[in-house]
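File shown: model.txt. Contents: compact mmCIF, C-alpha atoms.
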```txt
# COMPACT_ATOMS: atom_id res chain seq x y z
CA MET V 1 140.74 -77.72 -12.36
CA THR V 2 143.92 -78.12 -14.40
CA GLU V 3 144.20 -80.50 -17.34
CA GLU V 4 146.49 -82.73 -15.30
CA ALA V 5 143.99 -82.91 -12.44
CA GLU V 6 141.15 -83.65 -14.88
CA ALA V 7 143.16 -86.47 -16.45
CA LYS V 8 143.71 -88.05 -13.00
CA ALA V 9 140.09 -87.63 -11.85
CA PRO V 10 138.17 -90.92 -11.64
CA GLN V 11 136.15 -91.64 -14.76
CA ALA V 12 132.60 -92.93 -14.51
CA VAL V 13 132.48 -96.58 -15.58
CA PRO V 14 129.44 -97.46 -17.70
CA ALA V 15 127.11 -99.99 -16.11
CA VAL V 16 127.23 -103.53 -17.44
CA SER V 17 124.03 -104.60 -19.16
CA VAL V 18 122.76 -108.13 -18.53
CA VAL V 19 119.71 -109.37 -20.43
CA GLY V 20 118.40 -112.71 -19.23
CA PRO V 21 116.65 -115.40 -21.29
CA GLY V 22 113.16 -114.00 -20.70
CA ASP V 23 114.17 -110.34 -20.76
CA GLY V 24 114.33 -107.72 -23.47
CA GLU V 25 111.79 -105.77 -25.46
CA THR V 26 109.54 -107.91 -27.68
CA ILE V 27 108.50 -106.67 -31.12
CA VAL V 28 106.04 -108.72 -33.17
CA LEU V 29 105.97 -108.12 -36.91
CA GLY V 30 103.54 -110.56 -38.50
CA THR V 31 104.99 -114.05 -38.03
CA THR V 32 108.40 -112.73 -36.94
CA HIS V 33 109.08 -112.26 -33.23
CA MET V 34 112.02 -110.05 -32.32
CA ARG V 35 113.58 -109.68 -28.89
CA VAL V 36 115.68 -106.54 -28.56
CA LEU V 37 118.66 -107.45 -26.40
CA GLU V 38 120.47 -104.10 -26.73
CA ASP V 39 118.80 -101.04 -28.22
CA GLY V 40 121.93 -98.92 -28.14
CA SER V 41 121.23 -97.27 -24.81
CA HIS V 42 124.13 -99.12 -23.13
CA THR V 43 126.60 -98.80 -26.02
CA GLY V 44 126.55 -95.08 -26.69
CA HIS V 45 124.31 -95.93 -29.68
CA ARG V 46 127.21 -97.66 -31.45
CA LEU V 47 125.59 -101.13 -31.46
CA ALA V 48 122.17 -102.75 -31.17
CA ILE V 49 121.47 -106.49 -30.97
CA ALA V 50 118.23 -108.41 -31.51
CA GLU V 51 117.20 -112.05 -31.62
CA SER V 52 114.56 -112.89 -34.24
CA VAL V 53 112.46 -116.01 -34.67
CA LEU V 54 111.24 -116.45 -38.24
CA ALA V 55 108.23 -118.70 -38.66
CA PRO V 56 108.39 -121.50 -41.26
CA HIS V 57 107.83 -120.29 -44.82
CA SER V 58 107.98 -116.62 -43.80
CA GLN V 59 109.03 -113.89 -46.17
CA GLY V 60 111.21 -111.05 -45.02
CA PRO V 61 111.16 -107.44 -46.14
CA PRO V 62 111.60 -106.40 -49.75
CA GLN V 63 115.24 -106.07 -50.79
CA HIS V 64 116.58 -102.85 -49.40
CA ARG V 65 119.79 -100.88 -48.79
CA HIS V 66 120.92 -99.15 -45.62
CA ALA V 67 122.87 -95.95 -46.14
CA ARG V 68 124.20 -95.49 -42.61
CA HIS V 69 124.54 -98.79 -40.82
CA ASP V 70 126.03 -102.25 -41.07
CA GLU V 71 123.76 -105.18 -40.36
CA GLY V 72 124.95 -108.58 -39.20
CA PHE V 73 123.02 -111.84 -38.97
CA TYR V 74 124.19 -114.93 -37.09
CA VAL V 75 121.99 -117.99 -37.58
CA LEU V 76 121.44 -119.68 -34.22
CA SER V 77 119.15 -122.43 -35.54
CA GLY V 78 117.41 -123.41 -38.74
CA THR V 79 118.07 -122.07 -42.22
CA VAL V 80 117.68 -118.48 -43.39
CA ARG V 81 117.81 -117.67 -47.10
CA PHE V 82 119.58 -114.37 -47.73
CA THR V 83 119.08 -112.74 -51.10
CA VAL V 84 121.80 -110.26 -51.98
CA GLY V 85 121.09 -108.68 -55.34
CA ASP V 86 120.31 -111.65 -57.57
CA GLU V 87 122.21 -114.23 -55.49
CA ASP V 88 120.66 -116.52 -52.86
CA HIS V 89 122.65 -117.85 -49.91
CA ASP V 90 121.14 -120.48 -47.61
CA ALA V 91 122.66 -119.78 -44.21
CA THR V 92 122.45 -122.67 -41.75
CA THR V 93 123.17 -122.82 -38.02
CA GLY V 94 126.50 -121.20 -37.23
CA THR V 95 126.62 -118.98 -40.33
CA LEU V 96 127.37 -115.25 -40.09
CA VAL V 97 126.20 -112.86 -42.80
CA MET V 98 127.50 -109.27 -42.70
CA VAL V 99 125.79 -106.66 -44.87
CA PRO V 100 127.66 -103.35 -45.31
CA PRO V 101 125.91 -100.07 -46.13
CA GLY V 102 124.68 -99.82 -49.71
CA THR V 103 124.33 -103.58 -50.27
CA PRO V 104 120.85 -104.76 -51.37
CA HIS V 105 119.57 -107.62 -49.23
CA THR V 106 116.61 -109.45 -47.78
CA PHE V 107 116.03 -112.72 -45.96
CA ALA V 108 113.35 -115.38 -45.56
CA ASN V 109 112.77 -118.76 -43.95
CA PRO V 110 111.98 -121.19 -46.80
CA THR V 111 111.84 -124.28 -44.57
CA ASP V 112 109.25 -126.16 -42.52
CA GLN V 113 111.04 -125.30 -39.24
CA PRO V 114 111.41 -122.00 -37.36
CA ALA V 115 114.73 -120.20 -37.80
CA VAL V 116 116.40 -118.11 -35.11
CA MET V 117 119.02 -115.47 -35.79
CA LEU V 118 120.91 -112.85 -33.86
CA SER V 119 121.12 -109.49 -35.63
CA THR V 120 123.47 -106.59 -35.04
CA PHE V 121 123.00 -103.00 -36.15
CA THR V 122 125.96 -100.61 -36.08
CA PRO V 123 125.08 -97.94 -35.22
CA ASP V 124 121.80 -98.72 -33.43
CA LEU V 125 119.51 -96.51 -35.49
CA TYR V 126 117.48 -99.29 -37.14
CA VAL V 127 115.90 -100.67 -33.95
CA GLN V 128 113.47 -97.74 -33.95
CA TYR V 129 112.33 -98.77 -37.47
CA PHE V 130 111.04 -102.08 -36.05
CA ARG V 131 109.28 -100.25 -33.23
CA ASP V 132 107.63 -97.94 -35.76
CA LEU V 133 106.44 -100.89 -37.85
CA GLN V 134 104.88 -102.53 -34.81
CA GLU V 135 103.19 -99.30 -33.69
CA GLY V 136 101.43 -98.74 -37.05
CA PRO V 137 98.99 -101.66 -36.83
CA ALA V 138 98.68 -101.22 -33.05
CA GLY V 139 97.54 -97.65 -33.72
CA GLY V 140 94.95 -98.86 -36.22
CA ARG V 141 97.01 -98.01 -39.29
CA PRO V 142 97.52 -100.86 -41.76
CA LEU V 143 101.07 -101.97 -42.52
CA THR V 144 101.01 -101.33 -46.24
CA PRO V 145 104.05 -101.51 -48.53
CA GLU V 146 103.88 -97.70 -48.71
CA ALA V 147 103.90 -97.38 -44.92
CA ASN V 148 106.85 -99.78 -44.73
CA ILE V 149 108.81 -97.74 -47.31
CA ALA V 150 108.00 -94.49 -45.50
CA ALA V 151 109.31 -96.01 -42.24
CA MET V 152 112.48 -97.27 -43.98
CA MET V 153 113.22 -93.82 -45.37
CA ARG V 154 113.17 -92.31 -41.85
CA TYR V 155 116.13 -94.57 -41.01
CA ALA V 156 118.39 -94.00 -44.03
CA THR V 157 117.08 -97.10 -45.82
CA GLU V 158 115.43 -97.48 -49.18
CA PRO V 159 113.97 -100.33 -51.21
CA ALA V 160 116.28 -101.78 -53.87
CA THR V 161 113.77 -101.03 -56.64
CA ASP V 162 116.39 -101.59 -59.34
CA LEU V 163 116.22 -105.33 -58.52
CA ASP V 164 112.45 -105.81 -58.88
```
Reformat the file's structure so that it appears as C-alpha cells.
Amino acid sequence: MTEEAEAKAPQAVPAVSVVGPGDGETIVLGTTHMRVLEDGSHTGHRLAIAESVLAPHSQGPPQHRHARHDEGFYVLSGTVRFTVGDEDHDATTGTLVMVPPGTPHTFANPTDQPAVMLSTFTPDLYVQYFRDLQEGPAGGRPLTPEANIAAMMRYATEPATDLD
C-alpha cells in the first residue's frame, strides 16, 4: 500500500466510554471511598479520573511529590484542606486545585461533613497505586507507613520528608 493510500484508508475511531452513576471500579482505602471513572484504558493512558468521598475528619496521605504526573482535584461538595509545603488551602465546592510534578502536597477533610472530589491523573499511572494499597490489607498484609512508601516509589512518587 502506498503512503497516499494509507493516508486515505479509514482510521479506527476509539469507542466512547460512558460510566453511569453506579458504575466504575470501587477502591476502599480506610475511610476514603474512590470510584475509578477512567483508568486510562480509554485514553491511551494519557488521563485517569476518579471520584473520592472523604469521610469527616479524615486524614489523607503524608505529603508527597509525584515525579511523572500532574494531579488535579475538583471539589464537588464539602471542604477539602490541601497542604502544599507549609501552606494550607481550604478548597470548598467548585474549587479546582492542580498539582504539577515535583510539588509537595496532601489533603484532608477537617470538617464534620463528607467531602467529595473529582481527581485527574495525567498520565494515568497513579491509579494502580490505589489498587496496590487496597490489595495489601485484602491479602493479609498490613498497610503500614513503610508499605505505603514502597507502593508510592513504584509509581514515581516519594514522601516529602524535608517537610516533616
Item to check | Polymer residues at most 8 Å from stretch 23-38 of chain V, all atoms listed in the file, same-chain spacing of 2 or more positions, as a list of chain:residue names | outcome: V:Val19, V:Gly20, V:Pro21, V:Gly40, V:Ser41, V:His42, V:Leu47, V:Ala48, V:Ile49, V:Ala50, V:Glu51, V:Ser52, V:Val53, V:Leu54, V:Ala55, V:Ser58, V:Val127, V:Phe130, V:Arg131, V:Leu133, V:Gln134
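Around V:His66, within 7 Å and counting all atoms listed in the file, the residues found are V:Pro101, V:Gly102, V:Ala156, V:Thr157, V:Glu158, once anything fewer than 6 positions away on its own chain is removed.
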Item to check | Spatial neighbours of V:Pro159, max dist 7 Å, all atoms listed in the file, sep filter under 5 positions, as a PyMOL selection string | outcome: chain V and resi 62-65+149
Could you pull the residues within 12 Å of V:Pro56, counting only C-alpha atoms, minus those fewer than 2 positions along the same chain, as a tab-separated table (two decimals) with C-alpha atoms, in the frame of the given file?
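For reference, out09.tsv as written:
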```tsv
chain	number	residue	atom	x	y	z
V	31	THR	CA	104.99	-114.05	-38.03
V	32	THR	CA	108.40	-112.73	-36.94
V	53	VAL	CA	112.46	-116.01	-34.67
V	54	LEU	CA	111.24	-116.45	-38.24
V	58	SER	CA	107.98	-116.62	-43.80
V	59	GLN	CA	109.03	-113.89	-46.17
V	60	GLY	CA	111.21	-111.05	-45.02
V	78	GLY	CA	117.41	-123.41	-38.74
V	79	THR	CA	118.07	-122.07	-42.22
V	80	VAL	CA	117.68	-118.48	-43.39
V	81	ARG	CA	117.81	-117.67	-47.10
V	108	ALA	CA	113.35	-115.38	-45.56
V	109	ASN	CA	112.77	-118.76	-43.95
V	110	PRO	CA	111.98	-121.19	-46.80
V	111	THR	CA	111.84	-124.28	-44.57
V	112	ASP	CA	109.25	-126.16	-42.52
V	113	GLN	CA	111.04	-125.30	-39.24
V	114	PRO	CA	111.41	-122.00	-37.36
V	115	ALA	CA	114.73	-120.20	-37.80
V	116	VAL	CA	116.40	-118.11	-35.11
```
Contacts of V:Thr43 within 12 Å, only C-alpha atoms, excl. fewer than 6 positions in-chain, as a tab-separated table (two decimals) with C-alpha atoms, in the coordinates of the input:
```tsv
chain	number	residue	atom	x	y	z
V	14	PRO	CA	129.44	-97.46	-17.70
V	15	ALA	CA	127.11	-99.99	-16.11
V	16	VAL	CA	127.23	-103.53	-17.44
V	17	SER	CA	124.03	-104.60	-19.16
V	37	LEU	CA	118.66	-107.45	-26.40
V	49	ILE	CA	121.47	-106.49	-30.97
V	121	PHE	CA	123.00	-103.00	-36.15
V	122	THR	CA	125.96	-100.61	-36.08
V	123	PRO	CA	125.08	-97.94	-35.22
V	124	ASP	CA	121.80	-98.72	-33.43
```
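Candidate residues V:Leu125, V:Ala160, V:Val75, V:Val18 were compared for distance to V:Thr103, and the nearest is V:Ala160, using only C-alpha atoms.
Comparing the minimum interatomic distances between V:His57 and each of V:Asp86, V:His69, V:Phe107, V:Thr93, counting all atoms listed in the file, we find that V:Phe107 sits nearest.
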Checklist entry - V:Thr83, V:Arg68, V:Gly22, V:Leu76: which is nearest V:Met153, counting only C-alpha atoms? => result V:Arg68
